[in-house]
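This is query_26.pdb (PDB, C-alpha atoms).
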MODEL        1
ATOM      1  CA  MET A   1      21.703 -15.409-119.317
ATOM      2  CA  ALA A   2      24.117 -15.290-116.349
ATOM      3  CA  ARG A   3      26.380 -12.307-116.016
ATOM      4  CA  PRO A   4      30.141 -12.970-116.298
ATOM      5  CA  THR A   5      31.810 -12.707-112.908
ATOM      6  CA  PRO A   6      34.807 -10.364-112.755
ATOM      7  CA  SER A   7      38.137 -12.097-112.503
ATOM      8  CA  THR A   8      39.793 -11.989-109.079
ATOM      9  CA  ARG A   9      43.248 -12.221-110.590
ATOM     10  CA  PRO A  10      45.130  -8.892-110.621
ATOM     11  CA  SER A  11      45.660  -7.300-113.981
ATOM     12  CA  GLY A  12      49.086  -6.782-115.493
ATOM     13  CA  ALA A  13      49.130  -3.125-114.461
ATOM     14  CA  ALA A  14      48.217  -4.039-110.874
ATOM     15  CA  ARG A  15      50.937  -6.672-110.710
ATOM     16  CA  GLY A  16      53.451  -4.171-112.058
ATOM     17  CA  THR A  17      52.403  -1.617-109.458
ATOM     18  CA  SER A  18      52.748  -4.150-106.629
ATOM     19  CA  ARG A  19      56.279  -4.992-107.748
ATOM     20  CA  PHE A  20      57.397  -1.376-108.131
ATOM     21  CA  PRO A  21      58.231  -0.819-104.408
ATOM     22  CA  TYR A  22      60.477  -3.880-104.473
ATOM     23  CA  LEU A  23      62.317  -2.482-107.488
ATOM     24  CA  LEU A  24      62.869   0.779-105.613
ATOM     25  CA  VAL A  25      64.495  -0.915-102.610
ATOM     26  CA  LEU A  26      66.432  -3.456-104.716
ATOM     27  CA  PRO A  27      69.559  -1.238-105.177
ATOM     28  CA  ALA A  28      69.759  -0.613-101.430
ATOM     29  CA  VAL A  29      69.340  -4.326-100.692
ATOM     30  CA  LEU A  30      72.070  -5.265-103.186
ATOM     31  CA  LEU A  31      74.456  -2.670-101.771
ATOM     32  CA  PHE A  32      73.730  -3.817 -98.211
ATOM     33  CA  ALA A  33      74.298  -7.447 -99.178
ATOM     34  CA  GLY A  34      77.497  -6.678-101.086
ATOM     35  CA  PHE A  35      79.131  -4.268 -98.646
ATOM     36  CA  VAL A  36      77.780  -5.392 -95.243
ATOM     37  CA  VAL A  37      76.454  -8.950 -95.276
ATOM     38  CA  ALA A  38      79.101 -10.532 -97.538
ATOM     39  CA  PRO A  39      82.124  -8.924 -95.774
ATOM     40  CA  GLY A  40      80.564  -9.859 -92.422
ATOM     41  CA  ILE A  41      80.258 -13.504 -93.423
ATOM     42  CA  TYR A  42      83.806 -13.475 -94.799
ATOM     43  CA  ALA A  43      85.141 -11.983 -91.557
ATOM     44  CA  LEU A  44      83.271 -14.627 -89.558
ATOM     45  CA  VAL A  45      84.880 -17.403 -91.619
ATOM     46  CA  LEU A  46      88.348 -15.845 -91.237
ATOM     47  CA  SER A  47      87.900 -15.590 -87.464
ATOM     48  CA  PHE A  48      87.937 -19.405 -87.203
ATOM     49  CA  GLN A  49      91.203 -19.739 -89.147
ATOM     50  CA  ARG A  50      94.864 -18.949 -88.622
ATOM     51  CA  ARG A  51      98.112 -19.205 -90.559
ATOM     52  CA  LYS A  52     100.573 -22.036 -89.823
ATOM     53  CA  ILE A  53     104.206 -22.271 -90.900
ATOM     54  CA  ASN A  54     105.095 -25.286 -93.070
ATOM     55  CA  GLY A  55     107.908 -27.516 -91.895
ATOM     56  CA  GLY A  56     108.601 -25.877 -88.523
ATOM     57  CA  LEU A  57     110.766 -22.800 -88.012
ATOM     58  CA  LEU A  58     112.818 -23.476 -91.139
ATOM     59  CA  GLY A  59     109.800 -24.088 -93.346
ATOM     60  CA  GLY A  60     109.511 -22.464 -96.695
ATOM     61  CA  GLY A  61     105.968 -21.135 -96.474
ATOM     62  CA  THR A  62     102.679 -20.988 -94.638
ATOM     63  CA  HIS A  63      99.185 -22.362 -95.034
ATOM     64  CA  THR A  64      95.813 -21.655 -93.504
ATOM     65  CA  VAL A  65      94.413 -24.088 -90.923
ATOM     66  CA  TRP A  66      91.175 -24.329 -88.986
ATOM     67  CA  ALA A  67      91.683 -22.772 -85.541
ATOM     68  CA  GLY A  68      88.264 -23.219 -83.988
ATOM     69  CA  LEU A  69      87.764 -20.848 -81.062
ATOM     70  CA  ALA A  70      91.488 -20.247 -80.504
ATOM     71  CA  ASN A  71      91.376 -16.744 -81.988
ATOM     72  CA  TYR A  72      88.435 -15.811 -79.792
ATOM     73  CA  ARG A  73      90.227 -17.076 -76.670
ATOM     74  CA  ASP A  74      93.236 -14.945 -77.578
ATOM     75  CA  VAL A  75      91.069 -11.901 -78.241
ATOM     76  CA  LEU A  76      89.082 -12.187 -75.022
ATOM     77  CA  GLY A  77      92.309 -12.609 -73.054
ATOM     78  CA  ASP A  78      94.055  -9.636 -74.679
ATOM     79  CA  ALA A  79      94.607  -6.974 -71.994
ATOM     80  CA  GLU A  80      95.505  -4.388 -74.643
ATOM     81  CA  LEU A  81      92.099  -4.804 -76.285
ATOM     82  CA  TRP A  82      90.260  -4.364 -72.993
ATOM     83  CA  SER A  83      92.263  -1.216 -72.287
ATOM     84  CA  GLY A  84      91.097   0.093 -75.668
ATOM     85  CA  VAL A  85      87.505  -0.827 -74.818
ATOM     86  CA  LEU A  86      87.776   1.128 -71.565
ATOM     87  CA  ARG A  87      89.100   4.180 -73.429
ATOM     88  CA  MET A  88      86.296   3.838 -75.995
ATOM     89  CA  LEU A  89      83.667   3.715 -73.237
ATOM     90  CA  THR A  90      85.238   6.762 -71.580
ATOM     91  CA  LEU A  91      84.970   8.679 -74.843
ATOM     92  CA  GLY A  92      81.372   7.507 -75.224
ATOM     93  CA  ALA A  93      80.495   8.680 -71.715
ATOM     94  CA  ILE A  94      81.613  12.174 -72.787
ATOM     95  CA  THR A  95      80.424  12.362 -76.389
ATOM     96  CA  VAL A  96      76.943  10.810 -76.129
ATOM     97  CA  PRO A  97      75.400  13.117 -73.495
ATOM     98  CA  ALA A  98      77.256  16.186 -74.790
ATOM     99  CA  THR A  99      76.146  15.614 -78.394
ATOM    100  CA  VAL A 100      72.488  14.966 -77.564
ATOM    101  CA  LEU A 101      72.198  17.810 -75.043
ATOM    102  CA  PHE A 102      73.814  20.386 -77.349
ATOM    103  CA  ALA A 103      71.676  19.177 -80.263
ATOM    104  CA  LEU A 104      68.494  19.472 -78.182
ATOM    105  CA  LEU A 105      69.490  22.904 -76.884
ATOM    106  CA  PHE A 106      70.262  24.293 -80.347
ATOM    107  CA  ALA A 107      67.080  22.803 -81.809
ATOM    108  CA  VAL A 108      64.933  24.351 -79.072
ATOM    109  CA  LEU A 109      66.612  27.744 -79.443
ATOM    110  CA  LEU A 110      66.128  27.710 -83.214
ATOM    111  CA  ASP A 111      62.467  26.807 -82.787
ATOM    112  CA  MET A 112      61.718  29.858 -80.616
ATOM    113  CA  GLU A 113      59.840  32.728 -82.231
ATOM    114  CA  ARG A 114      62.262  35.394 -81.033
ATOM    115  CA  THR A 115      65.301  33.738 -82.635
ATOM    116  CA  ARG A 116      66.738  35.766 -85.524
ATOM    117  CA  LEU A 117      68.720  34.585 -88.571
ATOM    118  CA  LYS A 118      67.432  31.028 -88.183
ATOM    119  CA  ARG A 119      68.556  29.829 -91.610
ATOM    120  CA  VAL A 120      72.095  31.144 -91.234
ATOM    121  CA  THR A 121      72.389  29.795 -87.689
ATOM    122  CA  ARG A 122      70.996  26.399 -88.663
ATOM    123  CA  LEU A 123      73.431  26.135 -91.571
ATOM    124  CA  THR A 124      76.358  27.231 -89.366
ATOM    125  CA  ILE A 125      75.602  24.541 -86.787
ATOM    126  CA  PHE A 126      75.127  21.877 -89.461
ATOM    127  CA  LEU A 127      78.250  22.694 -91.518
ATOM    128  CA  PRO A 128      80.742  20.785 -89.280
ATOM    129  CA  TYR A 129      78.832  17.577 -90.067
ATOM    130  CA  ALA A 130      79.642  18.103 -93.760
ATOM    131  CA  VAL A 131      83.385  18.256 -93.033
ATOM    132  CA  PRO A 132      85.067  14.822 -93.468
ATOM    133  CA  GLY A 133      86.189  13.320 -90.179
ATOM    134  CA  VAL A 134      89.864  13.141 -91.144
ATOM    135  CA  ILE A 135      89.959  16.809 -92.158
ATOM    136  CA  ALA A 136      88.131  17.860 -88.982
ATOM    137  CA  SER A 137      90.565  15.869 -86.841
ATOM    138  CA  LEU A 138      93.577  17.391 -88.615
ATOM    139  CA  MET A 139      92.173  20.880 -88.219
ATOM    140  CA  TRP A 140      91.583  20.433 -84.498
ATOM    141  CA  GLY A 141      94.953  18.707 -84.131
ATOM    142  CA  PHE A 142      96.759  21.796 -85.374
ATOM    143  CA  LEU A 143      94.576  23.914 -83.094
ATOM    144  CA  TYR A 144      95.809  21.782 -80.187
ATOM    145  CA  LEU A 145      99.520  21.762 -81.076
ATOM    146  CA  PRO A 146     101.586  24.312 -79.093
ATOM    147  CA  ALA A 147     103.440  25.574 -82.200
ATOM    148  CA  THR A 148     100.277  26.326 -84.194
ATOM    149  CA  SER A 149      97.552  26.706 -81.568
ATOM    150  CA  PRO A 150      95.572  29.968 -81.414
ATOM    151  CA  ILE A 151      93.544  28.678 -78.450
ATOM    152  CA  GLY A 152      96.283  28.431 -75.831
ATOM    153  CA  GLY A 153      98.005  25.201 -76.808
ATOM    154  CA  ASP A 154     101.329  26.630 -75.631
ATOM    155  CA  HIS A 155      99.918  26.904 -72.091
ATOM    156  CA  VAL A 156      97.468  23.990 -72.002
ATOM    157  CA  ASP A 157      98.503  20.418 -72.774
ATOM    158  CA  PHE A 158      95.569  19.253 -74.884
ATOM    159  CA  PHE A 159      97.217  15.832 -75.258
ATOM    160  CA  GLY A 160      97.771  15.135 -71.574
ATOM    161  CA  GLN A 161      96.795  11.787 -70.055
ATOM    162  CA  VAL A 162      93.352  13.109 -69.081
ATOM    163  CA  ALA A 163      92.938  16.057 -71.460
ATOM    164  CA  VAL A 164      93.369  13.804 -74.519
ATOM    165  CA  TYR A 165      89.937  12.293 -73.862
ATOM    166  CA  LEU A 166      88.364  15.748 -73.891
ATOM    167  CA  SER A 167      90.342  16.711 -76.997
ATOM    168  CA  VAL A 168      89.211  13.662 -78.970
ATOM    169  CA  SER A 169      85.645  13.962 -77.690
ATOM    170  CA  ASN A 170      85.535  17.632 -78.678
ATOM    171  CA  VAL A 171      86.223  16.736 -82.318
ATOM    172  CA  ALA A 172      83.485  14.087 -82.329
ATOM    173  CA  VAL A 173      80.909  16.344 -80.649
ATOM    174  CA  TRP A 174      81.744  19.308 -82.909
ATOM    175  CA  ALA A 175      81.115  17.164 -85.987
ATOM    176  CA  ALA A 176      77.985  15.315 -84.794
ATOM    177  CA  VAL A 177      75.886  18.007 -83.126
ATOM    178  CA  GLY A 178      74.657  19.494 -86.413
ATOM    179  CA  PHE A 179      73.104  16.298 -87.767
ATOM    180  CA  ASN A 180      71.350  15.483 -84.498
ATOM    181  CA  MET A 181      70.159  19.071 -84.189
ATOM    182  CA  ILE A 182      68.499  18.826 -87.614
ATOM    183  CA  VAL A 183      66.720  15.602 -86.599
ATOM    184  CA  ILE A 184      65.321  17.123 -83.405
ATOM    185  CA  TYR A 185      64.542  20.470 -85.057
ATOM    186  CA  THR A 186      62.562  18.690 -87.789
ATOM    187  CA  ALA A 187      60.534  16.891 -85.115
ATOM    188  CA  LEU A 188      59.864  20.214 -83.385
ATOM    189  CA  ARG A 189      58.672  21.851 -86.594
ATOM    190  CA  ALA A 190      56.216  18.977 -87.119
ATOM    191  CA  LEU A 191      54.386  19.711 -83.849
ATOM    192  CA  PRO A 192      51.029  21.517 -84.271
ATOM    193  CA  ALA A 193      51.167  25.234 -83.464
ATOM    194  CA  GLU A 194      47.808  24.981 -81.662
ATOM    195  CA  LEU A 195      49.543  23.345 -78.714
ATOM    196  CA  TYR A 196      51.730  26.401 -78.169
ATOM    197  CA  GLU A 197      48.816  28.813 -78.579
ATOM    198  CA  SER A 198      46.737  26.944 -76.013
ATOM    199  CA  ALA A 199      49.650  26.898 -73.572
ATOM    200  CA  ARG A 200      50.218  30.639 -73.980
ATOM    201  CA  LEU A 201      46.536  31.328 -73.382
ATOM    202  CA  ASP A 202      46.863  29.390 -70.123
ATOM    203  CA  GLY A 203      49.735  31.683 -69.110
ATOM    204  CA  ALA A 204      52.688  29.401 -69.877
ATOM    205  CA  GLY A 205      56.023  31.061 -70.626
ATOM    206  CA  GLU A 206      58.418  30.125 -73.409
ATOM    207  CA  TRP A 207      60.618  27.888 -71.258
ATOM    208  CA  GLN A 208      57.577  26.252 -69.644
ATOM    209  CA  ILE A 209      56.396  25.337 -73.135
ATOM    210  CA  VAL A 210      59.834  23.908 -73.852
ATOM    211  CA  ARG A 211      59.913  21.780 -70.696
ATOM    212  CA  ARG A 212      56.297  20.615 -70.664
ATOM    213  CA  ILE A 213      55.410  20.357 -74.358
ATOM    214  CA  LYS A 214      58.323  20.483 -76.781
ATOM    215  CA  VAL A 215      60.862  18.240 -75.066
ATOM    216  CA  PRO A 216      58.387  15.472 -74.074
ATOM    217  CA  MET A 217      56.857  15.381 -77.549
ATOM    218  CA  VAL A 218      60.178  15.103 -79.404
ATOM    219  CA  MET A 219      61.545  12.393 -77.122
ATOM    220  CA  PRO A 220      61.306   9.738 -79.902
ATOM    221  CA  ALA A 221      63.662  11.885 -81.998
ATOM    222  CA  VAL A 222      65.952  12.353 -78.989
ATOM    223  CA  VAL A 223      65.984   8.577 -78.428
ATOM    224  CA  MET A 224      66.928   8.031 -82.071
ATOM    225  CA  CYS A 225      69.752  10.574 -81.743
ATOM    226  CA  CYS A 226      70.979   8.771 -78.628
ATOM    227  CA  LEU A 227      71.129   5.490 -80.524
ATOM    228  CA  PHE A 228      72.943   7.104 -83.459
ATOM    229  CA  THR A 229      75.484   8.671 -81.105
ATOM    230  CA  VAL A 230      76.039   5.463 -79.138
ATOM    231  CA  LEU A 231      76.722   3.557 -82.364
ATOM    232  CA  ALA A 232      79.132   6.273 -83.497
ATOM    233  CA  ALA A 233      80.936   6.136 -80.132
ATOM    234  CA  LEU A 234      81.383   2.378 -80.457
ATOM    235  CA  GLN A 235      82.951   2.884 -83.904
ATOM    236  CA  VAL A 236      85.325   5.717 -83.015
ATOM    237  CA  PHE A 237      88.389   5.561 -85.270
ATOM    238  CA  ASN A 238      88.993   8.659 -87.418
ATOM    239  CA  GLU A 239      89.589  11.111 -84.602
ATOM    240  CA  PRO A 240      92.217   9.223 -82.537
ATOM    241  CA  ASN A 241      93.844   7.646 -85.598
ATOM    242  CA  THR A 242      94.313  11.066 -87.246
ATOM    243  CA  LEU A 243      95.585  12.661 -84.027
ATOM    244  CA  LYS A 244      98.016   9.781 -83.362
ATOM    245  CA  PRO A 245     100.960  11.249 -85.366
ATOM    246  CA  LEU A 246     100.559  14.543 -83.489
ATOM    247  CA  SER A 247     100.785  13.111 -79.973
ATOM    248  CA  ASN A 248     102.436  10.275 -78.072
ATOM    249  CA  ALA A 249      99.347  10.024 -75.859
ATOM    250  CA  VAL A 250      97.464   8.158 -78.622
ATOM    251  CA  SER A 251      98.927   4.747 -79.422
ATOM    252  CA  SER A 252      98.285   2.594 -82.474
ATOM    253  CA  THR A 253      95.887   0.432 -80.413
ATOM    254  CA  TRP A 254      94.223   3.242 -78.461
ATOM    255  CA  VAL A 255      90.661   2.102 -79.276
ATOM    256  CA  PRO A 256      89.415  -1.298 -80.540
ATOM    257  CA  LEU A 257      89.047  -0.297 -84.196
ATOM    258  CA  MET A 258      92.604   1.023 -84.212
ATOM    259  CA  LYS A 259      93.787  -2.313 -82.808
ATOM    260  CA  ILE A 260      91.869  -4.180 -85.507
ATOM    261  CA  TYR A 261      93.483  -1.979 -88.152
ATOM    262  CA  ASP A 262      96.944  -2.481 -86.617
ATOM    263  CA  ASP A 263      96.517  -6.270 -86.409
ATOM    264  CA  ALA A 264      95.264  -6.566 -89.983
ATOM    265  CA  PHE A 265      97.575  -4.147 -91.796
ATOM    266  CA  GLY A 266     100.428  -3.575 -89.357
ATOM    267  CA  ASN A 267     100.992  -7.133 -88.119
ATOM    268  CA  SER A 268      99.388  -8.907 -91.135
ATOM    269  CA  ASP A 269      97.228 -10.967 -88.788
ATOM    270  CA  ILE A 270      93.855 -10.768 -90.512
ATOM    271  CA  TYR A 271      92.517 -13.764 -88.587
ATOM    272  CA  SER A 272      92.930 -12.164 -85.169
ATOM    273  CA  ALA A 273      91.588  -8.894 -86.592
ATOM    274  CA  ALA A 274      88.520 -10.740 -87.915
ATOM    275  CA  ALA A 275      87.862 -12.344 -84.530
ATOM    276  CA  THR A 276      88.185  -8.972 -82.809
ATOM    277  CA  SER A 277      85.766  -7.485 -85.351
ATOM    278  CA  VAL A 278      83.172 -10.162 -84.635
ATOM    279  CA  VAL A 279      83.511  -9.671 -80.877
ATOM    280  CA  LEU A 280      83.228  -5.893 -81.261
ATOM    281  CA  THR A 281      80.151  -6.249 -83.504
ATOM    282  CA  VAL A 282      78.381  -8.510 -81.029
ATOM    283  CA  GLY A 283      79.262  -6.123 -78.202
ATOM    284  CA  ALA A 284      78.013  -3.108 -80.174
ATOM    285  CA  LEU A 285      74.697  -4.847 -80.907
ATOM    286  CA  ALA A 286      74.283  -5.754 -77.241
ATOM    287  CA  VAL A 287      75.077  -2.228 -76.043
ATOM    288  CA  SER A 288      72.711  -0.714 -78.616
ATOM    289  CA  PHE A 289      69.887  -3.058 -77.610
ATOM    290  CA  VAL A 290      70.351  -2.374 -73.892
ATOM    291  CA  THR A 291      70.613   1.375 -74.503
ATOM    292  CA  ALA A 292      67.398   1.405 -76.530
ATOM    293  CA  ARG A 293      65.504  -0.551 -73.882
ATOM    294  CA  VAL A 294      66.758   1.644 -71.036
ATOM    295  CA  ILE A 295      65.934   4.890 -72.846
ATOM    296  CA  GLN A 296      62.478   3.670 -73.859
ATOM    297  CA  SER A 297      61.687   2.553 -70.313
ATOM    298  CA  ARG A 298      62.758   5.941 -68.940
ATOM    299  CA  VAL A 299      60.621   7.737 -71.515
ATOM    300  CA  GLN A 300      57.588   5.616 -70.632
ATOM    301  CA  GLU A 301      58.116   6.251 -66.917
ATOM    302  CA  GLY A 302      58.227  10.000 -67.581
ATOM    303  CA  LYS A 303      54.873  10.022 -69.404
TER     304      LYS A 303
ENDMDL
END
Just dump the structure as structure tokens.
Amino acid sequence: MARPTPSTRPSGAARGTSRFPYLLVLPAVLLFAGFVVAPGIYALVLSFQRRKINGGLLGGGTHTVWAGLANYRDVLGDAELWSGVLRMLTLGAITVPATVLFALLFAVLLDMERTRLKRVTRLTIFLPYAVPGVIASLMWGFLYLPATSPIGGDHVDFFGQVAVYLSVSNVAVWAAVGFNMIVIYTALRALPAELYESARLDGAGEWQIVRRIKVPMVMPAVVMCCLFTVLAALQVFNEPNTLKPLSNAVSSTWVPLMKIYDDAFGNSDIYSAAATSVVLTVGALAVSFVTARVIQSRVQEGK
């Protein structure tokens, strides 16, 4: 009598197990679709429309018409927007290297054996990241103001034409260093201790170990921090928008996101704001892609 062959079809328990990972990621997918994909599609549709007055100048109302690429032509020809882009890039040129370098320095110092009070120090460096951006900007704004400044605001103009870039960048760096430090520090703690012991047996000092072992081996984490910081620099809004009422040096269209906000809610021109948002999104994706490729190529050349 022939033996019954086992069925190749998965059992009910196996099918349930294979579906379980999809159930775990389903809430994140739904939230991403509802709060990122759907608003993005809606903004894209709005960017091809504009509002037209009925019946000429004396008309009694308005209606929405298809504008084609007219909004994009206006956006790309807007000198005020390009001035904001230049200011945003200037801030990024300050905040990105400062944030990553300070984060790497603090992570390396915390990872050294001779460092004392590591938990307290790590928490102290990370705490600014937990402070909401608006509150951090307000706090630093009052530290900058001459009437309330304990750091020399009555002698130094922190909102001067050049100093305002450093003042805004300082708020962003102060808030972002802690998160990036934790990322790099976690990567350092994951390295095997045998590497350090072998290097010490060969006569390597602490800083030689840092330069030749620790930093090269945590470069993937450093690259990730660079990408995070670049994306944050391209979305700068809270810091200048909160400091705007405290200084005339920051206008309502100082950076691109502030201009989008002003167009949409100040001038009630959501169609131009949508077109600017699409242009800024495409630009941010392009800059992020180029940054990632450049950093990865440099890392591979250094190996």
**Request:** Specify as a PyMOL selection string each residue included when the PyMOL selection byres ((chain A and resi 231-239) around 8) is applied to this file.
**Result:** chain A and resi 88-89+91-92+95-96+133-134+137+168+171-172+227-230+240-243+255+257-258+284+288
**Prompt:** Could you name the residues that touch Ile260 (chain A) at 10 Å or less, counting only C-alpha atoms, but leaving out those on the same chain fewer than 6 positions away, as an MDAnalysis selection string?
**Reply:** chainID A and resid 81 252:253 266:267 269:270 272:277 280
Keeping C-alpha atoms for every residue in the selection just given, could you write it to a file as an mmCIF file, keeping the file's coordinate frame?
data_model
loop_
_atom_site.group_PDB
_atom_site.id
_atom_site.type_symbol
_atom_site.label_atom_id
_atom_site.label_comp_id
_atom_site.auth_asym_id
_atom_site.auth_seq_id
_atom_site.Cartn_x
_atom_site.Cartn_y
_atom_site.Cartn_z
ATOM 1 C CA LEU A 81 92.099 -4.804 -76.285
ATOM 2 C CA SER A 252 98.285 2.594 -82.474
ATOM 3 C CA THR A 253 95.887 0.432 -80.413
ATOM 4 C CA GLY A 266 100.428 -3.575 -89.357
ATOM 5 C CA ASN A 267 100.992 -7.133 -88.119
ATOM 6 C CA ASP A 269 97.228 -10.967 -88.788
ATOM 7 C CA ILE A 270 93.855 -10.768 -90.512
ATOM 8 C CA SER A 272 92.930 -12.164 -85.169
ATOM 9 C CA ALA A 273 91.588 -8.894 -86.592
ATOM 10 C CA ALA A 274 88.520 -10.740 -87.915
ATOM 11 C CA ALA A 275 87.862 -12.344 -84.530
ATOM 12 C CA THR A 276 88.185 -8.972 -82.809
ATOM 13 C CA SER A 277 85.766 -7.485 -85.351
ATOM 14 C CA LEU A 280 83.228 -5.893 -81.261
#
Could you give me, as a tab-separated table, every region 186-249 of chain A residue with an atom at most 9 Å from region 151-163 of chain A, plus its closest atom pair and distance in Å to one decimal, counting all atoms listed in the file, rows ordered by chain then number?
residue	atom	partner	partner_atom	distance
A:Leu246	CA	A:Phe159	CA	9.0
A:Ser247	CA	A:Phe159	CA	6.5
A:Asn248	CA	A:Phe159	CA	8.1
A:Ala249	CA	A:Phe159	CA	6.2
**Prompt:** Pick the closest to Arg73 (chain A) from A:Ser167, A:Ser268, A:Ser18, A:Ser47: which is it, counting only C-alpha atoms?
**Reply:**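 Distance minimum relative to Arg73 (chain A) lands on A:Ser47.
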**Prompt:** To one decimal place, how far is CA of Asn170 (chain A) from CA of Ala147 (chain A) in Å?
**Reply:** 19.9 Å
**Asked** Hey, which of A:Val45, A:Leu24, A:Ile209, A:Ala175 ends up closest to Ile135 (chain A)? Count only C-alpha atoms.
**Response**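 Among the listed residues, the smallest separation from Ile135 (chain A) belongs to A:Ala175.
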**Request:** Pick out the residues sitting within 12 Å of Val278 (chain A), and hand them over as a VMD selection string; count all atoms listed in the file, and ignore anything fewer than 6 positions along from it in its own chain.
**Result:** chain A and resid 39 to 48 71 to 72 75 to 76 256 to 257 260 271 to 272 284 to 285
Just-selected residues, C-alpha atoms written as an mmCIF file, in the frame of the given file:
data_model
loop_
_atom_site.group_PDB
_atom_site.id
_atom_site.type_symbol
_atom_site.label_atom_id
_atom_site.label_comp_id
_atom_site.auth_asym_id
_atom_site.auth_seq_id
_atom_site.Cartn_x
_atom_site.Cartn_y
_atom_site.Cartn_z
ATOM 1 C CA PRO A 39 82.124 -8.924 -95.774
ATOM 2 C CA GLY A 40 80.564 -9.859 -92.422
ATOM 3 C CA ILE A 41 80.258 -13.504 -93.423
ATOM 4 C CA TYR A 42 83.806 -13.475 -94.799
ATOM 5 C CA ALA A 43 85.141 -11.983 -91.557
ATOM 6 C CA LEU A 44 83.271 -14.627 -89.558
ATOM 7 C CA VAL A 45 84.880 -17.403 -91.619
ATOM 8 C CA LEU A 46 88.348 -15.845 -91.237
ATOM 9 C CA SER A 47 87.900 -15.590 -87.464
ATOM 10 C CA PHE A 48 87.937 -19.405 -87.203
ATOM 11 C CA ASN A 71 91.376 -16.744 -81.988
ATOM 12 C CA TYR A 72 88.435 -15.811 -79.792
ATOM 13 C CA VAL A 75 91.069 -11.901 -78.241
ATOM 14 C CA LEU A 76 89.082 -12.187 -75.022
ATOM 15 C CA PRO A 256 89.415 -1.298 -80.540
ATOM 16 C CA LEU A 257 89.047 -0.297 -84.196
ATOM 17 C CA ILE A 260 91.869 -4.180 -85.507
ATOM 18 C CA TYR A 271 92.517 -13.764 -88.587
ATOM 19 C CA SER A 272 92.930 -12.164 -85.169
ATOM 20 C CA ALA A 284 78.013 -3.108 -80.174
ATOM 21 C CA LEU A 285 74.697 -4.847 -80.907
#
**Message:** Can you measure CA of Ala176 (chain A) to CA of Val164 (chain A) for me? One decimal in Å is fine.
**Reply:** 18.6 Å
